[in-house]
Amino acid sequence: MRILVTGAAGFIGSTLSHRLLERGDEVLGYDNLNDYYDPSLKEARLARLTPHANFRFVRAALEDRGALEKAFADFRPQRVVNLAAQAGVRYSLINPHAYVQANLVGFINVLEACRHGGVKHLVYASSSSVYGANRKLPFAVEDAVDHPVSLYAATKKANELMAHTYSHLYGLPTTGLRFFTVYGPWGRPDMALFLFTKKILASEPIEVFNHGRHSRDFTYIDDIVEGVIRTLDHVAAPDPAFDALHPDPATSSAPYRLYNIGNHQPVELARYIEVLEEKLGRKAEKILLPMQPGDVPDTYADVAALSRDTGYAPSTPIEVGIGRFVDWYRGYYGV
């Protein structure tokens, strides 16, 4: 298939593009390589993709409607995976306008391009952040998510609503994936595992929010990518059992689906740090701090719907995943 991947120089996007190329798909990567974090890491991820004969790349932003429309017209994708976005909960407190441009303006450009380009399936990144102030665990796609606690979360919830509109009005099959904390080789430098590893190896103290007591459904990158591909191949269709009098938020009478994509095994941050210390062979000096504004105490993914519909079965424990990350980090940075 011809698959357009936005955010192709990103953590998930670059790993996904590799897997798609390995199975014989043609991939057009689309990314603006912005400086939210070190662009050289994005360029290094991209450099691993460019030798593939079936890979092409466009450097542009989602907000650049003309560039996006040209990419669609030239490549004529059959399916699209939209992973480009302004990420990060904490940064949304500092620069909210970046989220409006990339996550709202950018996403409507993607939807319009898919609609006019005859795309057969749009899979897009949502986030576990949409669960916001919810306290019922595990988080299930059938739960209402009307109380976001960060602008980042609000933009991701808005993406789900926008996608449903296009599924309803134009019959565009859309599937939203609520990613739970993703980690692994080639990861994001603004994420805890990367930050902790860098500081521990430099003998610098690490900041541990909520005194390490909150938990996250840490999900290894290979498990995430497997789930994305399974979802991409399982085109969203109307739910024949959808009841408008008792609507299920995760399905619709339109070709629309929402899924959690996580490990279904939350781990307390303190334990996550312990495993990292074991893999690095060093102890961390910790600065214990209260919860950050916009953060939530716990995340825990109910992945029953994704498993039922696609056979998704995450299988990587943190002991294995963190070990692989540390090996990659030491090799990449020569530490």
# chains A, B, ... in the order shown; residues from 1 in each chain; ligands from 1

call {"tool": "closest_atom_pairs", "arguments": {"of": "segment 82-189 of chain A", "to": "segment 219-237 of chain A", "cutoff": "6 Å", "atoms": "only C-alpha atoms", "output": "CSV"}}
result
residue,atom,partner,partner_atom,distance
A:Pro173,CA,A:Ala236,CA,5.2
A:Thr181,CA,A:Thr219,CA,5.8
A:Val182,CA,A:Thr219,CA,4.8
A:Tyr183,CA,A:Tyr220,CA,5.3
A:Gly184,CA,A:Ile221,CA,5.5

call {"tool": "residues_around", "arguments": {"residues": "Ser17 of chain A", "least_positions_apart": "4", "cutoff": "9 Å", "atoms": "only C-alpha atoms", "output": "count of residues only"}}
result
11

call {"tool": "residues_around", "arguments": {"residues": "Glu142 of chain A", "least_positions_apart": "3", "cutoff": "9 Å", "atoms": "only C-alpha atoms", "output": "tab-separated table (two decimals) with N, CA, C and O atoms, in the first residue's frame"}}
result
chain	number	residue	atom	x	y	z
A	139	PHE	N	-8.48	2.81	32.62
A	139	PHE	CA	-9.17	3.70	31.70
A	139	PHE	C	-9.71	2.89	30.53
A	139	PHE	O	-8.96	2.14	29.88
A	248	ASP	N	-22.07	4.60	22.74
A	248	ASP	CA	-20.74	4.18	23.17
A	248	ASP	C	-19.75	5.20	22.62
A	248	ASP	O	-19.66	5.38	21.40
A	249	PRO	N	-18.98	5.91	23.47
A	249	PRO	CA	-18.06	6.93	22.97
A	249	PRO	C	-17.00	6.42	22.01
A	249	PRO	O	-16.43	7.19	21.24
A	250	ALA	N	-16.74	5.10	22.03
A	250	ALA	CA	-15.64	4.56	21.24
A	250	ALA	C	-16.06	4.06	19.87
A	250	ALA	O	-15.21	3.69	19.05
A	251	THR	N	-17.38	4.02	19.58
A	251	THR	CA	-17.85	3.55	18.28
A	251	THR	C	-18.91	4.51	17.77
A	251	THR	O	-19.20	5.53	18.39

call {"tool": "closest_residue", "arguments": {"among": "A:Leu195, A:Val130, A:Ala154, A:Ala254", "to": "His168 of chain A", "atoms": "only C-alpha atoms"}}
result
A:Ala254

call {"tool": "select_by_dssp", "arguments": {"residues": "segment 83-330 of chain A", "states": "strand (DSSP E or B)", "output": "number ranges by chain"}}
result
A: 121-127, 139, 174-179, 182-183, 206-209, 215-216, 219-220, 256-261, 267-268, 286-289, 298, 301

call {"tool": "write_last_selection", "arguments": {"atoms": "C-alpha atoms", "output": "PDB file, in the first residue's frame"}}
result
ATOM      1  CA  HIS A 121      -8.388   4.827   6.355  1.00  0.00           C
ATOM      2  CA  LEU A 122      -6.970   7.524   8.640  1.00  0.00           C
ATOM      3  CA  VAL A 123      -5.309   6.351  11.852  1.00  0.00           C
ATOM      4  CA  TYR A 124      -4.327   9.192  14.160  1.00  0.00           C
ATOM      5  CA  ALA A 125      -2.604   9.668  17.496  1.00  0.00           C
ATOM      6  CA  SER A 126      -4.746  10.580  20.441  1.00  0.00           C
ATOM      7  CA  SER A 127      -3.425  10.256  23.990  1.00  0.00           C
ATOM      8  CA  PHE A 139      -9.169   3.699  31.699  1.00  0.00           C
ATOM      9  CA  THR A 174     -11.005   7.061  11.085  1.00  0.00           C
ATOM     10  CA  THR A 175      -9.392   5.310  14.040  1.00  0.00           C
ATOM     11  CA  GLY A 176      -7.986   7.206  17.023  1.00  0.00           C
ATOM     12  CA  LEU A 177      -5.328   5.581  19.189  1.00  0.00           C
ATOM     13  CA  ARG A 178      -4.939   6.754  22.762  1.00  0.00           C
ATOM     14  CA  PHE A 179      -1.240   6.122  23.353  1.00  0.00           C
ATOM     15  CA  VAL A 182       5.716   5.045  25.074  1.00  0.00           C
ATOM     16  CA  TYR A 183       9.407   4.317  25.668  1.00  0.00           C
ATOM     17  CA  ILE A 206      16.904  13.629  38.882  1.00  0.00           C
ATOM     18  CA  GLU A 207      13.609  15.375  39.617  1.00  0.00           C
ATOM     19  CA  VAL A 208      10.994  12.840  40.714  1.00  0.00           C
ATOM     20  CA  PHE A 209       7.488  14.289  40.720  1.00  0.00           C
ATOM     21  CA  SER A 215       2.035   5.036  38.075  1.00  0.00           C
ATOM     22  CA  ARG A 216       2.146   4.894  34.289  1.00  0.00           C
ATOM     23  CA  THR A 219       4.450   0.696  26.737  1.00  0.00           C
ATOM     24  CA  TYR A 220       7.450  -0.478  24.722  1.00  0.00           C
ATOM     25  CA  TYR A 256     -15.217   5.549  13.477  1.00  0.00           C
ATOM     26  CA  ARG A 257     -13.270   3.819  16.250  1.00  0.00           C
ATOM     27  CA  LEU A 258     -11.271   4.735  19.331  1.00  0.00           C
ATOM     28  CA  TYR A 259      -8.828   2.386  21.036  1.00  0.00           C
ATOM     29  CA  ASN A 260      -6.459   2.472  23.985  1.00  0.00           C
ATOM     30  CA  ILE A 261      -2.991   1.287  23.035  1.00  0.00           C
ATOM     31  CA  VAL A 267       4.181   0.470  36.970  1.00  0.00           C
ATOM     32  CA  GLU A 268       4.918   2.898  39.788  1.00  0.00           C
ATOM     33  CA  LYS A 286      16.607  12.007  43.671  1.00  0.00           C
ATOM     34  CA  ILE A 287      14.986  15.396  44.223  1.00  0.00           C
ATOM     35  CA  LEU A 288      11.462  14.540  45.388  1.00  0.00           C
ATOM     36  CA  LEU A 289       8.847  17.045  44.243  1.00  0.00           C
ATOM     37  CA  ASP A 298      -2.113   7.168  37.413  1.00  0.00           C
ATOM     38  CA  ALA A 301      -5.002   1.111  29.781  1.00  0.00           C
TER      39      ALA A 301
END

call {"tool": "select_by_dssp", "arguments": {"residues": "segment 130-296 of chain A", "states": "alpha helix (DSSP H)", "output": "PyMOL selection string"}}
result
chain A and resi 151-170+192-201+221-233+269-280
